[in-house]
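What follows is the content of run-v1.txt, which has compact mmCIF, C-alpha atoms:
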# COMPACT_ATOMS: atom_id res chain seq x y z
CA MET A 739 5.73 -14.77 -5.32
CA ALA A 740 4.18 -13.13 -8.37
CA THR A 741 1.16 -15.14 -9.43
CA VAL A 742 -0.19 -13.04 -12.28
CA ILE A 743 1.12 -13.95 -15.70
CA PHE A 744 0.81 -11.06 -18.08
CA PRO A 745 0.12 -12.02 -21.69
CA PRO A 746 2.46 -10.57 -24.31
CA PRO A 747 1.31 -7.40 -26.06
CA PRO A 748 -0.77 -7.95 -29.22
CA ALA A 749 -0.74 -5.86 -32.38
CA LYS A 750 -0.97 -2.09 -31.94
CA SER A 751 -4.65 -1.67 -32.76
CA GLU A 752 -5.56 -4.42 -30.34
CA LEU A 753 -3.25 -2.94 -27.69
CA GLU A 754 -5.27 0.25 -27.77
CA GLU A 755 -8.78 -1.19 -27.86
CA ALA A 756 -8.62 -4.70 -26.43
CA ARG A 757 -10.19 -5.56 -23.12
CA VAL A 758 -7.23 -7.55 -21.88
CA PHE A 759 -4.40 -6.00 -19.93
CA THR A 760 -1.16 -6.84 -21.74
CA PRO A 761 1.44 -4.55 -20.20
CA HIS A 762 4.29 -3.72 -22.52
CA PHE A 763 7.54 -3.83 -20.55
CA ASP A 764 10.68 -2.28 -21.99
CA GLU A 765 13.92 -4.12 -22.78
CA HIS A 766 14.77 -4.08 -19.08
CA GLY A 767 11.40 -5.59 -18.20
CA LEU A 768 10.15 -2.32 -16.74
CA LEU A 769 7.43 0.24 -17.27
CA PRO A 770 6.97 3.63 -15.65
CA ALA A 771 4.20 4.08 -13.09
CA VAL A 772 2.95 7.55 -12.26
CA VAL A 773 1.39 7.87 -8.82
CA VAL A 774 -1.17 10.56 -8.15
CA ASP A 775 -3.23 11.35 -5.08
CA ALA A 776 -6.54 9.51 -5.49
CA ALA A 777 -8.55 12.40 -4.10
CA THR A 778 -6.94 15.39 -5.79
CA SER A 779 -4.95 13.96 -8.75
CA GLU A 780 -1.85 15.72 -7.38
CA PRO A 781 1.16 14.03 -9.01
CA LEU A 782 3.27 12.43 -6.28
CA MET A 783 6.01 10.36 -7.88
CA LEU A 784 7.14 8.29 -10.82
CA ALA A 785 8.80 4.91 -10.38
CA TYR A 786 9.23 1.69 -12.35
CA MET A 787 7.57 -1.68 -12.10
CA ASN A 788 8.63 -5.04 -13.42
CA ALA A 789 6.16 -7.89 -13.81
CA GLU A 790 6.73 -9.10 -10.27
CA SER A 791 6.23 -5.73 -8.61
CA LEU A 792 3.16 -5.15 -10.76
CA ALA A 793 1.75 -8.51 -9.72
CA LEU A 794 2.51 -7.75 -6.06
CA THR A 795 0.81 -4.38 -6.38
CA ILE A 796 -2.29 -6.02 -7.82
CA ALA A 797 -2.27 -8.82 -5.26
CA THR A 798 -1.76 -6.64 -2.19
CA GLY A 799 -3.32 -3.32 -3.18
CA GLU A 800 -0.10 -1.61 -2.07
CA ALA A 801 2.33 -0.09 -4.54
CA HIS A 802 5.46 -2.13 -5.19
CA PHE A 803 8.17 -0.98 -7.55
CA TRP A 804 11.46 -2.15 -8.95
CA SER A 805 14.35 -0.15 -7.55
CA ARG A 806 16.74 0.38 -10.43
CA SER A 807 19.50 1.64 -8.12
CA ARG A 808 19.22 -1.27 -5.68
CA ALA A 809 18.10 -3.81 -8.32
CA GLN A 810 15.41 -5.23 -6.10
CA ILE A 811 11.69 -5.22 -5.46
CA TRP A 812 10.75 -2.23 -3.40
CA ARG A 813 7.57 -2.18 -1.37
CA LYS A 814 6.95 1.53 -1.11
CA GLY A 815 6.84 2.50 2.56
CA ALA A 816 8.47 -0.71 3.80
CA THR A 817 10.89 1.30 5.92
CA SER A 818 9.23 4.73 6.08
CA GLY A 819 5.72 3.49 6.74
CA ASN A 820 4.49 5.70 3.92
CA VAL A 821 2.69 2.94 2.08
CA LEU A 822 0.72 3.82 -1.05
CA ARG A 823 -2.70 2.19 -1.03
CA VAL A 824 -3.81 1.76 -4.61
CA ILE A 825 -7.38 2.87 -5.24
CA GLU A 826 -7.30 2.46 -9.00
CA MET A 827 -4.80 1.41 -11.63
CA ARG A 828 -4.94 2.58 -15.23
CA THR A 829 -2.77 2.02 -18.24
CA ASP A 830 -2.31 4.12 -21.33
CA CYS A 831 -3.10 3.56 -25.00
CA ASP A 832 0.16 1.71 -25.67
CA GLN A 833 0.02 -0.17 -22.37
CA ASP A 834 3.58 0.85 -21.65
CA ALA A 835 2.85 3.18 -18.73
CA LEU A 836 0.73 2.91 -15.60
CA LEU A 837 -1.22 5.43 -13.61
CA LEU A 838 -1.90 4.65 -9.96
CA ARG A 839 -4.47 6.63 -8.06
CA ALA A 840 -3.38 6.06 -4.50
CA GLU A 841 -3.94 7.06 -0.91
CA LEU A 842 -0.91 8.06 1.07
CA THR A 843 -0.70 6.44 4.48
CA GLY A 844 1.80 6.98 7.31
CA ASP A 845 3.15 10.52 7.37
CA GLY A 846 1.40 11.38 4.14
CA VAL A 847 4.57 12.00 2.19
CA ALA A 848 5.52 10.18 -0.99
CA CYS A 849 9.05 11.51 -1.49
CA HIS A 850 12.06 10.05 0.30
CA THR A 851 13.25 13.62 0.90
CA GLY A 852 10.33 14.08 3.28
CA ARG A 853 8.22 16.12 0.90
CA ARG A 854 4.70 15.18 -0.02
CA SER A 855 5.46 14.97 -3.74
CA CYS A 856 8.71 14.23 -5.55
CA PHE A 857 7.84 17.01 -8.00
CA TYR A 858 8.76 19.81 -5.58
CA ARG A 859 10.82 21.94 -7.95
CA VAL A 860 9.68 24.15 -10.78
CA VAL A 861 12.08 24.57 -13.69
CA ARG A 862 12.44 28.15 -14.85
CA ALA A 863 14.73 29.97 -17.22
CA GLU A 864 17.03 32.38 -15.44
CA THR A 865 16.07 35.96 -16.02
CA ASP A 866 18.55 37.90 -13.89
CA GLY A 867 21.32 38.15 -16.42
CA ALA A 868 23.07 35.20 -14.84
CA PRO A 869 24.87 32.69 -17.04
CA ALA A 870 22.50 30.87 -19.35
CA GLY A 871 20.87 27.93 -17.66
CA LEU A 872 17.84 26.76 -15.87
CA ILE A 873 17.21 27.06 -12.20
CA PHE A 874 14.55 25.98 -9.79
CA SER A 875 12.17 28.30 -8.12
CA ASP A 876 10.43 27.46 -4.89
CA ASN A 877 7.44 25.20 -5.05
CA MET B 409 18.28 23.63 -33.11
CA ALA B 410 18.52 22.92 -29.40
CA THR B 411 20.28 25.81 -27.70
CA VAL B 412 20.07 24.82 -24.04
CA ILE B 413 23.01 22.79 -22.77
CA PHE B 414 22.05 20.78 -19.73
CA PRO B 415 24.84 20.28 -17.18
CA PRO B 416 25.58 16.70 -16.14
CA PRO B 417 23.91 15.46 -12.94
CA PRO B 418 25.91 16.06 -9.75
CA ALA B 419 26.10 13.82 -6.69
CA LYS B 420 22.82 12.50 -5.35
CA SER B 421 22.45 14.91 -2.41
CA GLU B 422 23.07 17.84 -4.70
CA LEU B 423 20.66 16.43 -7.29
CA GLU B 424 17.88 16.57 -4.75
CA GLU B 425 18.57 19.97 -3.21
CA ALA B 426 20.56 21.99 -5.73
CA ARG B 427 19.07 24.99 -7.47
CA VAL B 428 20.34 24.03 -10.89
CA PHE B 429 18.37 21.87 -13.30
CA THR B 430 20.57 18.94 -14.29
CA PRO B 431 18.21 16.47 -15.95
CA HIS B 432 19.34 12.89 -15.66
CA PHE B 433 18.76 11.16 -18.99
CA ASP B 434 18.81 7.38 -19.21
CA GLU B 435 21.22 5.31 -21.30
CA HIS B 436 19.12 6.11 -24.37
CA GLY B 437 19.34 9.83 -23.63
CA LEU B 438 15.68 9.97 -22.57
CA LEU B 439 13.56 10.76 -19.57
CA PRO B 440 9.84 10.28 -19.05
CA ALA B 441 7.58 13.31 -19.01
CA VAL B 442 4.15 13.11 -17.43
CA VAL B 443 1.66 15.60 -18.80
CA VAL B 444 -1.26 16.72 -16.67
CA ASP B 445 -3.99 19.26 -17.26
CA ALA B 446 -2.77 22.54 -15.79
CA ALA B 447 -6.18 23.42 -14.40
CA THR B 448 -7.34 20.10 -12.94
CA SER B 449 -4.18 17.96 -12.62
CA GLU B 450 -5.91 15.25 -14.69
CA PRO B 451 -3.17 12.96 -16.01
CA LEU B 452 -3.20 13.12 -19.81
CA MET B 453 -0.22 11.20 -21.15
CA LEU B 454 3.32 10.02 -20.62
CA ALA B 455 5.99 10.41 -23.28
CA TYR B 456 9.77 10.70 -23.47
CA MET B 457 12.07 13.64 -24.04
CA ASN B 458 15.66 13.75 -25.11
CA ALA B 459 17.80 16.84 -24.56
CA GLU B 460 16.77 18.36 -27.86
CA SER B 461 13.04 17.92 -27.35
CA LEU B 462 13.39 19.24 -23.80
CA ALA B 463 15.26 22.28 -25.08
CA LEU B 464 12.61 22.82 -27.77
CA THR B 465 9.87 22.55 -25.16
CA ILE B 466 11.57 25.16 -23.01
CA ALA B 467 12.30 27.44 -25.95
CA THR B 468 8.83 27.31 -27.50
CA GLY B 469 6.54 26.67 -24.53
CA GLU B 470 5.01 23.80 -26.50
CA ALA B 471 5.59 20.17 -25.58
CA HIS B 472 8.05 18.33 -27.81
CA PHE B 473 8.93 14.68 -27.28
CA TRP B 474 11.17 12.01 -28.71
CA SER B 475 9.16 9.41 -30.57
CA ARG B 476 10.79 6.09 -29.76
CA SER B 477 8.83 4.28 -32.48
CA ARG B 478 9.67 6.80 -35.21
CA ALA B 479 13.07 7.73 -33.74
CA GLN B 480 12.52 11.42 -34.29
CA ILE B 481 11.58 14.64 -32.55
CA TRP B 482 7.85 14.91 -32.20
CA ARG B 483 6.15 18.24 -31.73
CA LYS B 484 2.94 17.17 -30.03
CA GLY B 485 0.01 18.33 -32.14
CA ALA B 486 2.08 18.98 -35.28
CA THR B 487 -0.42 17.01 -37.35
CA SER B 488 -3.49 16.86 -35.08
CA GLY B 489 -3.41 20.49 -33.98
CA ASN B 490 -3.69 19.33 -30.40
CA VAL B 491 -0.67 21.24 -29.17
CA LEU B 492 0.20 21.13 -25.48
CA ARG B 493 0.99 24.59 -24.14
CA VAL B 494 3.29 24.20 -21.16
CA ILE B 495 2.25 26.28 -18.18
CA GLU B 496 4.78 24.87 -15.77
CA MET B 497 7.54 22.28 -15.82
CA ARG B 498 8.70 20.40 -12.76
CA THR B 499 11.24 17.71 -12.17
CA ASP B 500 11.44 15.11 -9.41
CA CYS B 501 13.93 14.49 -6.62
CA ASP B 502 16.27 12.45 -8.82
CA GLN B 503 15.80 14.76 -11.81
CA ASP B 504 15.08 11.76 -14.00
CA ALA B 505 11.41 12.49 -14.65
CA LEU B 506 9.48 15.58 -15.70
CA LEU B 507 6.02 16.82 -14.92
CA LEU B 508 4.40 19.20 -17.37
CA ARG B 509 1.33 21.15 -16.38
CA ALA B 510 -0.16 21.97 -19.75
CA GLU B 511 -3.13 23.45 -21.52
CA LEU B 512 -4.65 21.39 -24.27
CA THR B 513 -5.34 23.33 -27.43
CA GLY B 514 -7.08 22.26 -30.65
CA ASP B 515 -9.73 19.64 -30.05
CA GLY B 516 -8.77 19.33 -26.40
CA VAL B 517 -7.65 15.73 -26.66
CA ALA B 518 -4.20 14.47 -25.74
CA CYS B 519 -4.45 10.87 -26.93
CA HIS B 520 -3.91 9.88 -30.55
CA THR B 521 -6.94 7.55 -30.20
CA GLY B 522 -9.12 10.65 -29.96
CA ARG B 523 -9.64 10.45 -26.22
CA ARG B 524 -8.86 13.30 -23.90
CA SER B 525 -6.41 11.27 -21.83
CA CYS B 526 -4.28 8.28 -22.79
CA PHE B 527 -5.18 6.72 -19.44
CA TYR B 528 -8.68 5.71 -20.50
CA ARG B 529 -8.67 2.16 -19.19
CA VAL B 530 -8.95 0.92 -15.64
CA VAL B 531 -7.22 -2.36 -14.85
CA ARG B 532 -9.32 -4.73 -12.78
CA ALA B 533 -9.04 -8.33 -11.72
CA GLU B 534 -11.66 -10.54 -13.32
CA THR B 535 -14.30 -11.61 -10.87
CA ASP B 536 -16.72 -13.60 -13.01
CA GLY B 537 -15.00 -16.93 -12.80
CA ALA B 538 -13.39 -16.33 -16.16
CA PRO B 539 -9.83 -17.53 -16.73
CA ALA B 540 -7.37 -15.76 -14.47
CA GLY B 541 -6.25 -12.48 -15.89
CA LEU B 542 -6.83 -8.79 -15.83
CA ILE B 543 -9.35 -6.95 -17.90
CA PHE B 544 -10.29 -3.37 -18.46
CA SER B 545 -13.45 -1.83 -17.25
CA ASP B 546 -14.92 1.24 -18.81
CA ASN B 547 -13.51 4.57 -17.85

Rewrite the coordinates I just gave you, this time as structure tokens.
Amino acid sequence: MATVIFPPPPAKSELEEARVFTPHFDEHGLLPAVVVDAATSEPLMLAYMNAESLALTIATGEAHFWSRSRAQIWRKGATSGNVLRVIEMRTDCDQDALLLRAELTGDGVACHTGRRSCFYRVVRAETDGAPAGLIFSDN
Amino acid sequence: MATVIFPPPPAKSELEEARVFTPHFDEHGLLPAVVVDAATSEPLMLAYMNAESLALTIATGEAHFWSRSRAQIWRKGATSGNVLRVIEMRTDCDQDALLLRAELTGDGVACHTGRRSCFYRVVRAETDGAPAGLIFSDN
């Protein structure tokens, strides 16, 4: 189904400055993709793409990922209806991470827990004399 | 040097709703950390933390990562002066990714190429009848 063949990454200097997209997948054939709201830049989620899900994302304009827990292609929103429409895709200097600026459709939530963003918890050091550790505070 | 001991991740439901931070490191002992500008949410970079760099980040308020290429702890800005001051740290539903809202210090650039953000290239399909592939357009 994937029709885009991604060339292998070139030397480091070329990776950073070349005009050709040569995504650098890890040893599992994956790279992380950060999704942010296209309008506000609010971070929504982080998931992984393999070459096929990346090609599907480019071909359809809808975010597809590789589900590491289910070991299968995962069209985001396939069951929930909360499809991510990709407005823009960027990669980073090393071409081993992606940034998707996306519009949320459906119920407007990106997280499977029903929250808008997966990043709903702030990590804070405990300050109440409780046992050492880190707790979450409310969003 | 790391003084924070992170508890192991609990069952999935507890991972998502519990009040205790139990970061879920991958088989290499790493998790991805997305850094965004604290004021604007502009995505700046993605790097990896192990338990020690995470503990150092929490202890110092300055972003530390694990350099996979150099296989060592990397205090961001140690040589460039472009330290990332962490304003807030979040984790996601699965606790296997971090989001840092940070202030850029020094020259105000996060990318080692001298650009503010590592995500300086937009991926676009070629439309000029050139060989099939994906190219970058300017930022």

Counting only C-alpha atoms, give me one row per residue of chain B with an atom at most 9 Å from an atom of chain A, showing the shortest contact pair and its distance in Å to one decimal, sorted by chain then residue number, as a tab-separated table.
residue	atom	partner	partner_atom	distance
B:Val412	CA	A:Gly871	CA	7.1
B:Ile413	CA	A:Gly871	CA	7.6
B:Phe414	CA	A:Gly871	CA	7.5
B:Pro415	CA	A:Gly871	CA	8.6
B:Glu424	CA	A:Thr851	CA	7.9
B:Ala426	CA	A:Phe874	CA	8.3
B:Arg427	CA	A:Phe874	CA	5.2
B:Val428	CA	A:Ile873	CA	4.5
B:Phe429	CA	A:Ile873	CA	5.4
B:Thr430	CA	A:Leu872	CA	8.4
B:Pro440	CA	A:Pro770	CA	8.0
B:Val442	CA	A:Val772	CA	7.7
B:Val444	CA	A:Pro781	CA	8.5
B:Thr448	CA	A:Ser779	CA	7.8
B:Ser449	CA	A:Ser779	CA	5.6
B:Glu450	CA	A:Ser779	CA	6.2
B:Pro451	CA	A:Ser779	CA	7.5
B:Met453	CA	A:Asp830	CA	7.4
B:Leu454	CA	A:Ala835	CA	7.1
B:Ile466	CA	A:Ala863	CA	8.2
B:Glu496	CA	A:Val860	CA	7.0
B:Met497	CA	A:Val861	CA	5.5
B:Arg498	CA	A:Val860	CA	4.4
B:Thr499	CA	A:Phe857	CA	5.4
B:Asp500	CA	A:Phe857	CA	4.3
B:Cys501	CA	A:Cys856	CA	5.3
B:Asp502	CA	A:Cys856	CA	8.4
B:Ala505	CA	A:Leu784	CA	7.1
B:Leu506	CA	A:Phe857	CA	8.0
B:Leu507	CA	A:Phe857	CA	7.2
B:Cys519	CA	A:Cys831	CA	7.7
B:His520	CA	A:Cys831	CA	8.4
B:Thr521	CA	A:Cys831	CA	7.6
B:Ser525	CA	A:Asp830	CA	8.3
B:Cys526	CA	A:Asp830	CA	4.8
B:Phe527	CA	A:Asp830	CA	4.3
B:Tyr528	CA	A:Asp830	CA	6.6
B:Arg529	CA	A:Arg828	CA	5.5
B:Val530	CA	A:Arg828	CA	4.4
B:Val531	CA	A:Arg828	CA	5.5
B:Arg532	CA	A:Met827	CA	7.7
B:Ala533	CA	A:Ile796	CA	8.1
B:Ala540	CA	A:Val742	CA	8.0
B:Gly541	CA	A:Val742	CA	7.1
B:Leu542	CA	A:Phe759	CA	5.5
B:Ile543	CA	A:Val758	CA	4.5
B:Phe544	CA	A:Arg757	CA	5.1
B:Ser545	CA	A:Arg757	CA	7.7

If we count only C-alpha atoms and set the cut-off at 10 Å, which residues sit around B:Ile495, ignoring sequence neighbours fewer than 6 positions away in its own chain? Please answer as an MDAnalysis selection string. chainID B and resid 445:447 469:470 508:511

Do a neighbour search on A:Ala809 at 12 Å with all atoms listed in the file, toss out local chain neighbours closer than 3 positions, and write the hits as a list in words.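 Once the nearby chain positions are removed, what remains is His766, Leu768, Tyr786, Met787, Asn788, Phe803, Trp804, Ser805, Arg806 and Trp812 of chain A.
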
Go ahead and compute the interatomic distance for atom CA of A:Asp845 and atom CA of A:Arg813, in Å to one decimal.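 Going from atom CA of A:Asp845 over to atom CA of A:Arg813, I get 16.0 Å.
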
Calculate how many Å separate atom CA of A:Gly767 from atom CA of A:Pro748, rounding to one decimal.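 Atom-to-atom, atom CA of A:Gly767 and atom CA of A:Pro748 are spaced 16.6 Å apart.
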
To one decimal place in Å, what is the distance between atom CA of B:Glu460 and atom CA of A:Leu769?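 For atom CA of B:Glu460 relative to atom CA of A:Leu769, the distance reads 23.0 Å.
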
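Residues with any atom within 8 Å of B:Pro417, counting all atoms listed in the file and excluding same-chain neighbours fewer than 4 positions away, are B:Leu423, B:Thr430, B:Pro431, B:His432.
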
Generate N, CA and C atoms for stretch 790-822 of chain A and emit them as a PDB file, in the frame of the given file.
ATOM      1  N   GLU A 790       6.942  -8.635 -11.631  1.00  0.00           N
ATOM      2  CA  GLU A 790       6.730  -9.100 -10.270  1.00  0.00           C
ATOM      3  C   GLU A 790       6.171  -7.997  -9.371  1.00  0.00           C
ATOM      4  N   SER A 791       6.736  -6.803  -9.471  1.00  0.00           N
ATOM      5  CA  SER A 791       6.230  -5.730  -8.610  1.00  0.00           C
ATOM      6  C   SER A 791       4.823  -5.325  -9.021  1.00  0.00           C
ATOM      7  N   LEU A 792       4.528  -5.418 -10.304  1.00  0.00           N
ATOM      8  CA  LEU A 792       3.160  -5.150 -10.760  1.00  0.00           C
ATOM      9  C   LEU A 792       2.196  -6.193 -10.203  1.00  0.00           C
ATOM     10  N   ALA A 793       2.602  -7.444 -10.249  1.00  0.00           N
ATOM     11  CA  ALA A 793       1.750  -8.510  -9.720  1.00  0.00           C
ATOM     12  C   ALA A 793       1.560  -8.348  -8.206  1.00  0.00           C
ATOM     13  N   LEU A 794       2.616  -7.965  -7.510  1.00  0.00           N
ATOM     14  CA  LEU A 794       2.510  -7.750  -6.060  1.00  0.00           C
ATOM     15  C   LEU A 794       1.596  -6.575  -5.756  1.00  0.00           C
ATOM     16  N   THR A 795       1.682  -5.553  -6.573  1.00  0.00           N
ATOM     17  CA  THR A 795       0.810  -4.380  -6.380  1.00  0.00           C
ATOM     18  C   THR A 795      -0.651  -4.792  -6.544  1.00  0.00           C
ATOM     19  N   ILE A 796      -0.918  -5.576  -7.568  1.00  0.00           N
ATOM     20  CA  ILE A 796      -2.290  -6.020  -7.820  1.00  0.00           C
ATOM     21  C   ILE A 796      -2.766  -6.950  -6.700  1.00  0.00           C
ATOM     22  N   ALA A 797      -1.877  -7.827  -6.270  1.00  0.00           N
ATOM     23  CA  ALA A 797      -2.270  -8.820  -5.260  1.00  0.00           C
ATOM     24  C   ALA A 797      -2.497  -8.192  -3.883  1.00  0.00           C
ATOM     25  N   THR A 798      -1.703  -7.182  -3.551  1.00  0.00           N
ATOM     26  CA  THR A 798      -1.760  -6.640  -2.190  1.00  0.00           C
ATOM     27  C   THR A 798      -2.521  -5.330  -2.096  1.00  0.00           C
ATOM     28  N   GLY A 799      -2.693  -4.639  -3.223  1.00  0.00           N
ATOM     29  CA  GLY A 799      -3.320  -3.320  -3.180  1.00  0.00           C
ATOM     30  C   GLY A 799      -2.385  -2.242  -2.660  1.00  0.00           C
ATOM     31  N   GLU A 800      -1.109  -2.596  -2.500  1.00  0.00           N
ATOM     32  CA  GLU A 800      -0.100  -1.610  -2.070  1.00  0.00           C
ATOM     33  C   GLU A 800       0.966  -1.522  -3.150  1.00  0.00           C
ATOM     34  N   ALA A 801       1.393  -0.296  -3.423  1.00  0.00           N
ATOM     35  CA  ALA A 801       2.330  -0.090  -4.540  1.00  0.00           C
ATOM     36  C   ALA A 801       3.679  -0.721  -4.255  1.00  0.00           C
ATOM     37  N   HIS A 802       4.111  -1.561  -5.180  1.00  0.00           N
ATOM     38  CA  HIS A 802       5.460  -2.130  -5.190  1.00  0.00           C
ATOM     39  C   HIS A 802       6.134  -1.674  -6.473  1.00  0.00           C
ATOM     40  N   PHE A 803       7.421  -1.403  -6.377  1.00  0.00           N
ATOM     41  CA  PHE A 803       8.170  -0.980  -7.550  1.00  0.00           C
ATOM     42  C   PHE A 803       9.431  -1.824  -7.683  1.00  0.00           C
ATOM     43  N   TRP A 804      10.146  -1.586  -8.780  1.00  0.00           N
ATOM     44  CA  TRP A 804      11.460  -2.150  -8.950  1.00  0.00           C
ATOM     45  C   TRP A 804      12.461  -1.019  -8.754  1.00  0.00           C
ATOM     46  N   SER A 805      13.323  -1.160  -7.776  1.00  0.00           N
ATOM     47  CA  SER A 805      14.350  -0.150  -7.550  1.00  0.00           C
ATOM     48  C   SER A 805      15.488  -0.391  -8.521  1.00  0.00           C
ATOM     49  N   ARG A 806      15.663   0.545  -9.450  1.00  0.00           N
ATOM     50  CA  ARG A 806      16.740   0.380 -10.430  1.00  0.00           C
ATOM     51  C   ARG A 806      18.109   0.554  -9.764  1.00  0.00           C
ATOM     52  N   SER A 807      18.196   1.429  -8.744  1.00  0.00           N
ATOM     53  CA  SER A 807      19.500   1.640  -8.120  1.00  0.00           C
ATOM     54  C   SER A 807      19.882   0.456  -7.229  1.00  0.00           C
ATOM     55  N   ARG A 808      18.905  -0.139  -6.560  1.00  0.00           N
ATOM     56  CA  ARG A 808      19.220  -1.270  -5.680  1.00  0.00           C
ATOM     57  C   ARG A 808      18.999  -2.608  -6.366  1.00  0.00           C
ATOM     58  N   ALA A 809      18.391  -2.579  -7.561  1.00  0.00           N
ATOM     59  CA  ALA A 809      18.100  -3.810  -8.320  1.00  0.00           C
ATOM     60  C   ALA A 809      17.331  -4.813  -7.480  1.00  0.00           C
ATOM     61  N   GLN A 810      16.259  -4.323  -6.881  1.00  0.00           N
ATOM     62  CA  GLN A 810      15.410  -5.230  -6.100  1.00  0.00           C
ATOM     63  C   GLN A 810      13.995  -4.701  -6.018  1.00  0.00           C
ATOM     64  N   ILE A 811      13.080  -5.609  -5.691  1.00  0.00           N
ATOM     65  CA  ILE A 811      11.690  -5.220  -5.460  1.00  0.00           C
ATOM     66  C   ILE A 811      11.649  -4.271  -4.275  1.00  0.00           C
ATOM     67  N   TRP A 812      10.793  -3.291  -4.399  1.00  0.00           N
ATOM     68  CA  TRP A 812      10.750  -2.230  -3.400  1.00  0.00           C
ATOM     69  C   TRP A 812       9.271  -2.018  -3.049  1.00  0.00           C
ATOM     70  N   ARG A 813       8.915  -2.460  -1.852  1.00  0.00           N
ATOM     71  CA  ARG A 813       7.570  -2.180  -1.370  1.00  0.00           C
ATOM     72  C   ARG A 813       7.590  -0.766  -0.827  1.00  0.00           C
ATOM     73  N   LYS A 814       6.942   0.126  -1.501  1.00  0.00           N
ATOM     74  CA  LYS A 814       6.950   1.530  -1.110  1.00  0.00           C
ATOM     75  C   LYS A 814       6.441   1.666   0.324  1.00  0.00           C
ATOM     76  N   GLY A 815       7.234   2.313   1.173  1.00  0.00           N
ATOM     77  CA  GLY A 815       6.840   2.500   2.560  1.00  0.00           C
ATOM     78  C   GLY A 815       7.296   1.391   3.484  1.00  0.00           C
ATOM     79  N   ALA A 816       8.033   0.412   2.957  1.00  0.00           N
ATOM     80  CA  ALA A 816       8.470  -0.710   3.800  1.00  0.00           C
ATOM     81  C   ALA A 816       9.277  -0.216   4.996  1.00  0.00           C
ATOM     82  N   THR A 817      10.116   0.777   4.784  1.00  0.00           N
ATOM     83  CA  THR A 817      10.890   1.300   5.920  1.00  0.00           C
ATOM     84  C   THR A 817      10.280   2.582   6.476  1.00  0.00           C
ATOM     85  N   SER A 818       9.752   3.438   5.619  1.00  0.00           N
ATOM     86  CA  SER A 818       9.230   4.730   6.080  1.00  0.00           C
ATOM     87  C   SER A 818       7.827   4.632   6.662  1.00  0.00           C
ATOM     88  N   GLY A 819       7.117   3.576   6.320  1.00  0.00           N
ATOM     89  CA  GLY A 819       5.720   3.490   6.740  1.00  0.00           C
ATOM     90  C   GLY A 819       4.769   4.222   5.804  1.00  0.00           C
ATOM     91  N   ASN A 820       5.328   4.927   4.832  1.00  0.00           N
ATOM     92  CA  ASN A 820       4.490   5.700   3.920  1.00  0.00           C
ATOM     93  C   ASN A 820       4.044   4.839   2.736  1.00  0.00           C
ATOM     94  N   VAL A 821       3.215   3.879   3.070  1.00  0.00           N
ATOM     95  CA  VAL A 821       2.690   2.940   2.080  1.00  0.00           C
ATOM     96  C   VAL A 821       1.700   3.678   1.166  1.00  0.00           C
ATOM     97  N   LEU A 822       1.701   3.283  -0.099  1.00  0.00           N
ATOM     98  CA  LEU A 822       0.720   3.820  -1.050  1.00  0.00           C
ATOM     99  C   LEU A 822      -0.366   2.784  -1.273  1.00  0.00           C
TER     100      LEU A 822
END
